[in-house]
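Text of model.pdb, listed as PDB, C-alpha atoms, pLDDT in the B column:
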ATOM      1  CA  MET D   1      45.016  46.349  -2.363  1.00 49.00           C
ATOM      2  CA  LEU D   2      43.029  45.338  -5.447  1.00 45.00           C
ATOM      3  CA  ARG D   3      45.677  42.741  -6.347  1.00 48.00           C
ATOM      4  CA  LYS D   4      45.459  41.204  -2.885  1.00 49.00           C
ATOM      5  CA  ALA D   5      41.658  41.031  -3.106  1.00 43.00           C
ATOM      6  CA  CYS D   6      41.855  39.357  -6.534  1.00 41.00           C
ATOM      7  CA  ALA D   7      44.453  36.869  -5.290  1.00 44.00           C
ATOM      8  CA  VAL D   8      42.410  35.992  -2.202  1.00 43.00           C
ATOM      9  CA  GLY D   9      39.268  35.602  -4.342  1.00 44.00           C
ATOM     10  CA  PHE D  10      41.149  33.356  -6.781  1.00 40.00           C
ATOM     11  CA  PHE D  11      42.446  31.091  -4.003  1.00 43.00           C
ATOM     12  CA  CYS D  12      38.976  30.885  -2.436  1.00 43.00           C
ATOM     13  CA  LEU D  13      37.540  29.611  -5.743  1.00 41.00           C
ATOM     14  CA  ILE D  14      40.145  26.881  -6.275  1.00 41.00           C
ATOM     15  CA  PRO D  15      38.421  24.314  -3.970  1.00 41.00           C
ATOM     16  CA  PHE D  16      35.118  24.807  -5.815  1.00 38.00           C
ATOM     17  CA  ALA D  17      36.772  24.370  -9.198  1.00 36.00           C
ATOM     18  CA  SER D  18      38.471  21.156  -8.132  1.00 35.00           C
ATOM     19  CA  ALA D  19      35.227  19.748  -6.717  1.00 36.00           C
ATOM     20  CA  ALA D  20      33.406  20.531  -9.943  1.00 37.00           C
ATOM     21  CA  ALA D  21      36.116  18.787 -11.949  1.00 38.00           C
ATOM     22  CA  GLN D  22      35.743  15.469 -10.144  1.00 42.00           C
ATOM     23  CA  THR D  23      34.315  12.579 -12.125  1.00 43.00           C
ATOM     24  CA  ILE D  24      32.311   9.698 -10.745  1.00 40.00           C
ATOM     25  CA  THR D  25      32.412   6.501 -12.775  1.00 44.00           C
ATOM     26  CA  ILE D  26      29.950   3.695 -12.273  1.00 38.00           C
ATOM     27  CA  GLN D  27      30.900   0.429 -13.915  1.00 46.00           C
ATOM     28  CA  ARG D  28      28.175  -2.059 -14.660  1.00 49.00           C
ATOM     29  CA  PRO D  29      28.819  -5.765 -15.008  1.00 54.00           C
ATOM     30  CA  GLN D  30      29.071  -7.061 -18.557  1.00 57.00           C
ATOM     31  CA  GLY D  31      26.294  -9.349 -19.758  1.00 58.00           C
ATOM     32  CA  PRO D  32      23.065 -10.336 -18.035  1.00 60.00           C
ATOM     33  CA  VAL D  33      22.753 -10.403 -14.276  1.00 57.00           C
ATOM     34  CA  ASP D  34      23.074 -13.784 -12.603  1.00 60.00           C
ATOM     35  CA  PRO D  35      20.118 -14.117 -10.181  1.00 53.00           C
ATOM     36  CA  SER D  36      21.833 -17.044  -8.464  1.00 65.00           C
ATOM     37  CA  ALA D  37      24.545 -14.638  -7.267  1.00 70.00           C
ATOM     38  CA  GLY D  38      22.494 -14.117  -4.102  1.00 78.00           C
ATOM     39  CA  PRO D  39      20.596 -11.283  -2.470  1.00 88.00           C
ATOM     40  CA  ILE D  40      21.626  -7.657  -2.827  1.00 89.00           C
ATOM     41  CA  ARG D  41      21.275  -4.938  -0.213  1.00 93.00           C
ATOM     42  CA  VAL D  42      19.695  -1.671  -1.283  1.00 92.00           C
ATOM     43  CA  GLN D  43      19.833   1.436   0.885  1.00 94.00           C
ATOM     44  CA  ILE D  44      17.801   4.586   0.271  1.00 94.00           C
ATOM     45  CA  SER D  45      18.174   7.886   2.120  1.00 95.00           C
ATOM     46  CA  VAL D  46      15.668  10.731   2.099  1.00 95.00           C
ATOM     47  CA  ASN D  47      15.747  14.193   3.702  1.00 96.00           C
ATOM     48  CA  PHE D  48      13.189  16.991   3.818  1.00 95.00           C
ATOM     49  CA  PHE D  49      12.222  20.037   5.860  1.00 94.00           C
ATOM     50  CA  ALA D  50       8.810  20.166   7.559  1.00 95.00           C
ATOM     51  CA  PRO D  51       7.975  23.775   8.491  1.00 95.00           C
ATOM     52  CA  GLY D  52       5.906  24.357  11.613  1.00 95.00           C
ATOM     53  CA  PRO D  53       6.073  24.894  15.366  1.00 94.00           C
ATOM     54  CA  THR D  54       8.901  23.162  17.238  1.00 93.00           C
ATOM     55  CA  ASP D  55       7.625  23.558  20.791  1.00 92.00           C
ATOM     56  CA  GLU D  56       5.747  20.848  22.703  1.00 91.00           C
ATOM     57  CA  SER D  57       2.313  21.944  21.454  1.00 94.00           C
ATOM     58  CA  GLU D  58      -0.277  19.622  19.892  1.00 96.00           C
ATOM     59  CA  GLN D  59       0.598  21.074  16.454  1.00 96.00           C
ATOM     60  CA  SER D  60       4.275  20.293  16.930  1.00 95.00           C
ATOM     61  CA  ILE D  61       3.566  16.728  18.057  1.00 96.00           C
ATOM     62  CA  ALA D  62       1.225  16.231  15.076  1.00 97.00           C
ATOM     63  CA  LEU D  63       3.910  17.592  12.712  1.00 96.00           C
ATOM     64  CA  ARG D  64       6.530  15.153  14.059  1.00 96.00           C
ATOM     65  CA  ASP D  65       4.046  12.277  13.761  1.00 97.00           C
ATOM     66  CA  ARG D  66       3.215  13.257  10.173  1.00 97.00           C
ATOM     67  CA  ALA D  67       6.928  13.466   9.308  1.00 96.00           C
ATOM     68  CA  SER D  68       7.712   9.992  10.666  1.00 97.00           C
ATOM     69  CA  ARG D  69       4.576   8.552   8.999  1.00 97.00           C
ATOM     70  CA  THR D  70       5.819   9.977   5.698  1.00 96.00           C
ATOM     71  CA  ILE D  71       9.091   8.058   6.044  1.00 96.00           C
ATOM     72  CA  TYR D  72       7.254   4.854   7.023  1.00 96.00           C
ATOM     73  CA  ALA D  73       4.853   5.217   4.070  1.00 96.00           C
ATOM     74  CA  LEU D  74       7.819   5.627   1.724  1.00 95.00           C
ATOM     75  CA  ALA D  75       9.416   2.518   3.236  1.00 95.00           C
ATOM     76  CA  ALA D  76       6.234   0.518   2.656  1.00 94.00           C
ATOM     77  CA  ARG D  77       5.928   1.583  -1.006  1.00 95.00           C
ATOM     78  CA  GLU D  78       9.575   1.244  -1.988  1.00 94.00           C
ATOM     79  CA  CYS D  79       9.454  -2.546  -2.360  1.00 93.00           C
ATOM     80  CA  GLU D  80       6.800  -2.045  -5.065  1.00 94.00           C
ATOM     81  CA  VAL D  81       9.196   0.211  -6.976  1.00 93.00           C
ATOM     82  CA  LEU D  82      12.096  -2.210  -6.520  1.00 92.00           C
ATOM     83  CA  ARG D  83       9.961  -5.146  -7.717  1.00 92.00           C
ATOM     84  CA  GLU D  84       8.869  -3.129 -10.735  1.00 92.00           C
ATOM     85  CA  LYS D  85      12.423  -2.208 -11.757  1.00 88.00           C
ATOM     86  CA  LEU D  86      15.006  -4.531 -10.206  1.00 88.00           C
ATOM     87  CA  ALA D  87      13.769  -7.250  -7.901  1.00 90.00           C
ATOM     88  CA  ASP D  88      11.937 -10.544  -7.992  1.00 91.00           C
ATOM     89  CA  ASP D  89      11.760 -10.492  -4.215  1.00 92.00           C
ATOM     90  CA  CYS D  90      12.100  -7.603  -1.767  1.00 94.00           C
ATOM     91  CA  ARG D  91      12.260  -7.497   2.010  1.00 95.00           C
ATOM     92  CA  LEU D  92      12.457  -4.411   4.216  1.00 95.00           C
ATOM     93  CA  GLU D  93      15.280  -4.938   6.709  1.00 96.00           C
ATOM     94  CA  ASN D  94      15.499  -1.655   8.586  1.00 96.00           C
ATOM     95  CA  VAL D  95      14.138   1.878   8.848  1.00 96.00           C
ATOM     96  CA  ASN D  96      15.899   4.735  10.604  1.00 96.00           C
ATOM     97  CA  VAL D  97      14.011   8.009  11.184  1.00 97.00           C
ATOM     98  CA  ASN D  98      15.760  11.112  12.501  1.00 97.00           C
ATOM     99  CA  ILE D  99      13.800  14.312  13.309  1.00 96.00           C
ATOM    100  CA  ASN D 100      15.638  17.438  14.489  1.00 95.00           C
ATOM    101  CA  ARG D 101      14.464  20.963  15.275  1.00 94.00           C
ATOM    102  CA  GLN D 102      15.972  23.437  12.862  1.00 90.00           C
ATOM    103  CA  GLN D 103      15.661  27.000  11.576  1.00 85.00           C
ATOM    104  CA  GLN D 104      15.695  27.408   7.776  1.00 83.00           C
ATOM    105  CA  GLN D 105      16.011  30.471   5.543  1.00 82.00           C
ATOM    106  CA  PHE D 106      13.131  30.759   3.061  1.00 78.00           C
ATOM    107  CA  GLY D 107      12.732  33.962   1.070  1.00 83.00           C
ATOM    108  CA  GLY D 108      14.902  35.906   3.482  1.00 85.00           C
ATOM    109  CA  GLN D 109      12.833  34.832   6.487  1.00 89.00           C
ATOM    110  CA  GLN D 110      13.711  32.453   9.322  1.00 91.00           C
ATOM    111  CA  VAL D 111      11.265  29.543   9.365  1.00 92.00           C
ATOM    112  CA  GLU D 112      11.187  27.071  12.230  1.00 95.00           C
ATOM    113  CA  GLY D 113      10.448  23.437  11.681  1.00 95.00           C
ATOM    114  CA  PHE D 114      11.962  19.975  11.656  1.00 96.00           C
ATOM    115  CA  GLN D 115      14.690  18.537   9.452  1.00 96.00           C
ATOM    116  CA  VAL D 116      13.533  14.985   8.751  1.00 96.00           C
ATOM    117  CA  GLY D 117      15.819  12.220   7.554  1.00 96.00           C
ATOM    118  CA  GLY D 118      15.240   8.581   6.884  1.00 96.00           C
ATOM    119  CA  THR D 119      17.376   5.645   5.851  1.00 95.00           C
ATOM    120  CA  LEU D 120      15.650   2.572   4.445  1.00 95.00           C
ATOM    121  CA  GLY D 121      17.412  -0.763   4.040  1.00 95.00           C
ATOM    122  CA  TYR D 122      16.163  -3.581   1.816  1.00 95.00           C
ATOM    123  CA  ARG D 123      17.367  -6.992   0.716  1.00 95.00           C
ATOM    124  CA  ILE D 124      16.376  -7.938  -2.824  1.00 93.00           C
ATOM    125  CA  THR D 125      16.793 -10.847  -5.174  1.00 91.00           C
ATOM    126  CA  GLN D 126      17.564  -9.383  -8.567  1.00 88.00           C
ATOM    127  CA  LYS D 127      15.446 -10.149 -11.624  1.00 85.00           C
ATOM    128  CA  ALA D 128      17.087 -12.403 -14.191  1.00 78.00           C
ATOM    129  CA  ALA D 129      16.067 -10.112 -17.053  1.00 60.00           C
ATOM    130  CA  VAL D 130      17.937  -7.071 -15.738  1.00 52.00           C
ATOM    131  CA  SER D 131      20.911  -6.232 -17.959  1.00 52.00           C
ATOM    132  CA  PRO D 132      23.096  -3.122 -18.337  1.00 50.00           C
TER     133      PRO D 132
END

How does this structure look as C-alpha cells?
Amino acid sequence: MLRKACAVGFFCLIPFASAAAQTITIQRPQGPVDPSAGPIRVQISVNFFAPGPTDESEQSIALRDRASRTIYALAARECEVLREKLADDCRLENVNVNINRQQQQFGGQQVEGFQVGGTLGYRITQKAAVSP
C-alpha cells in the first residue's frame, strides 16, 4: 500500500517538475533600434481582487465603479511610463475592462468581491536611443 501511495505521489509531481524545468528565451535585436521601422503595439494586462459586497447595493455599485476607474486611471498613466522608457510617441488604442463576482479564500475565510481584469493596448513609436 505504501509503495502504491509513493508511486502515485511521484507521478502526480512529474507535471510540476516538467513545468518548472521549462525555459523562456527572449532574443533582443542586435545593435540600436531603428525608429523608422514603424510603430509597435504594446499590450498590458492587469488583474486584481476587490473585496466587498457583490449584491446590487449602493456599496457594490460604488465598488464596481472604483474598480473600473482604477483600470482607466492606469490606462491614462501608462503612456507616461512608455514615453519615459521606450517611446517617442504613444497612443492608447483600446481598453478592455472585465469585472466578475467571485469568492476568494483569505486567511481561511471566504471573502466575496469582484475579480477585476483589464487589457490595455497602445501603439508606440520607439525611441532611437533604445538599445539592448

Expanded to explicit residues, what is the PyMOL selection byres ((chain D and resi 56-68) around 10) for this file, as a ChimeraX atom specification?
/D:48-55,69-74,96-101,113-118

When distances are computed from only C-alpha atoms, which of D:Gly108, D:Leu86, D:Ala128, D:Val95 shows the smallest separation from Ser45 of chain D?
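Using only C-alpha atoms, Ser45 of chain D sits closest to D:Val95.
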
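Take the candidates D:Ile40, D:Ile124, D:Val111, D:Val46 and check each one against Glu80 of chain D using only C-alpha atoms; the shortest distance goes to D:Ile124.
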
Compare D:Gln43, D:Thr119, D:Thr125, D:Gln109 by their minimum atom-to-atom distance to Ala87 of chain D, counting all atoms listed in the file, and give me the closest one.
D:Thr125

Ala76 of chain D environment, 12 Å, all atoms listed in the file, sequence neighbours closer than 5 positions dropped, as a PyMOL selection string:
chain D and resi 69-71+81-82+90-95+120-122

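Taking atom CA of Glu84 of chain D and atom CA of Gly38 of chain D as endpoints, the distance between them is 18.7 Å.
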
Given 5 Å of margin on each side, can you work out the centre and size in Å (one decimal) of an axis-aligned box holding every listed atom of segment 109-117 of chain D, as lines of an AutoDock Vina configuration file?
center_x = 13.1
center_y = 23.5
center_z = 9.4
size_x = 15.4
size_y = 32.6
size_z = 15.7

Rounded to one decimal place, report the atom CA of Arg77 of chain D-atom CA of Asn47 of chain D distance in Å.
16.7 Å

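Pairwise distance (atom CA of Glu78 of chain D, atom CA of Ile44 of chain D) equals 9.2 Å.
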
Since the input lacks some atoms of segment 54-77 of chain D, please model N, CA, C and O atoms and print them as a short mmCIF file (atom, residue, chain, number, x, y, z; two decimals), in the coordinates of the input.
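Written file, part-v6.cif:
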data_model
loop_
_atom_site.label_atom_id
_atom_site.label_comp_id
_atom_site.auth_asym_id
_atom_site.auth_seq_id
_atom_site.Cartn_x
_atom_site.Cartn_y
_atom_site.Cartn_z
N THR D 54 7.95 24.15 16.69
CA THR D 54 8.90 23.16 17.24
C THR D 54 8.83 23.06 18.76
O THR D 54 9.69 22.46 19.37
N ASP D 55 7.79 23.65 19.34
CA ASP D 55 7.62 23.56 20.79
C ASP D 55 6.96 22.22 21.14
O ASP D 55 6.96 21.30 20.33
N GLU D 56 6.40 22.10 22.30
CA GLU D 56 5.75 20.85 22.70
C GLU D 56 4.22 20.94 22.57
O GLU D 56 3.50 20.24 23.26
N SER D 57 3.75 21.79 21.66
CA SER D 57 2.31 21.94 21.45
C SER D 57 1.74 20.75 20.69
O SER D 57 2.47 19.93 20.14
N GLU D 58 0.40 20.68 20.64
CA GLU D 58 -0.28 19.62 19.89
C GLU D 58 0.10 19.69 18.41
O GLU D 58 0.28 18.65 17.77
N GLN D 59 0.23 20.90 17.86
CA GLN D 59 0.60 21.07 16.45
C GLN D 59 1.99 20.53 16.18
O GLN D 59 2.22 19.88 15.17
N SER D 60 2.91 20.78 17.09
CA SER D 60 4.28 20.29 16.93
C SER D 60 4.33 18.77 16.99
O SER D 60 5.01 18.13 16.18
N ILE D 61 3.60 18.19 17.93
CA ILE D 61 3.57 16.73 18.06
C ILE D 61 2.95 16.11 16.81
O ILE D 61 3.45 15.11 16.27
N ALA D 62 1.87 16.73 16.30
CA ALA D 62 1.23 16.23 15.08
C ALA D 62 2.17 16.34 13.88
O ALA D 62 2.20 15.45 13.02
N LEU D 63 2.95 17.42 13.81
CA LEU D 63 3.91 17.59 12.71
C LEU D 63 4.99 16.51 12.76
O LEU D 63 5.32 15.92 11.72
N ARG D 64 5.53 16.21 13.93
CA ARG D 64 6.53 15.15 14.06
C ARG D 64 5.94 13.79 13.68
O ARG D 64 6.59 13.00 12.99
N ASP D 65 4.71 13.54 14.12
CA ASP D 65 4.05 12.28 13.76
C ASP D 65 3.86 12.16 12.25
O ASP D 65 4.11 11.11 11.66
N ARG D 66 3.42 13.25 11.63
CA ARG D 66 3.22 13.26 10.17
C ARG D 66 4.54 13.04 9.44
O ARG D 66 4.60 12.32 8.44
N ALA D 67 5.61 13.63 9.94
CA ALA D 67 6.93 13.47 9.31
C ALA D 67 7.40 12.01 9.39
O ALA D 67 7.86 11.45 8.39
N SER D 68 7.27 11.39 10.56
CA SER D 68 7.71 9.99 10.67
C SER D 68 6.80 9.07 9.86
O SER D 68 7.27 8.12 9.24
N ARG D 69 5.50 9.36 9.82
CA ARG D 69 4.58 8.55 9.00
C ARG D 69 4.92 8.65 7.52
O ARG D 69 4.77 7.67 6.78
N THR D 70 5.41 9.81 7.09
CA THR D 70 5.82 9.98 5.70
C THR D 70 6.98 9.05 5.36
O THR D 70 6.99 8.40 4.32
N ILE D 71 7.96 8.96 6.26
CA ILE D 71 9.09 8.06 6.04
C ILE D 71 8.62 6.60 6.03
O ILE D 71 9.01 5.81 5.17
N TYR D 72 7.75 6.23 6.97
CA TYR D 72 7.25 4.85 7.02
C TYR D 72 6.43 4.51 5.78
O TYR D 72 6.53 3.39 5.26
N ALA D 73 5.64 5.45 5.29
CA ALA D 73 4.85 5.22 4.07
C ALA D 73 5.78 5.01 2.87
O ALA D 73 5.54 4.13 2.03
N LEU D 74 6.83 5.81 2.79
CA LEU D 74 7.82 5.63 1.72
C LEU D 74 8.46 4.25 1.82
O LEU D 74 8.62 3.55 0.81
N ALA D 75 8.80 3.83 3.04
CA ALA D 75 9.42 2.52 3.24
C ALA D 75 8.49 1.40 2.77
O ALA D 75 8.93 0.43 2.14
N ALA D 76 7.20 1.55 3.04
CA ALA D 76 6.23 0.52 2.66
C ALA D 76 6.06 0.43 1.14
O ALA D 76 5.89 -0.65 0.60
N ARG D 77 6.13 1.56 0.45
CA ARG D 77 5.93 1.58 -1.01
C ARG D 77 7.18 1.24 -1.80
O ARG D 77 7.08 0.86 -2.97
#
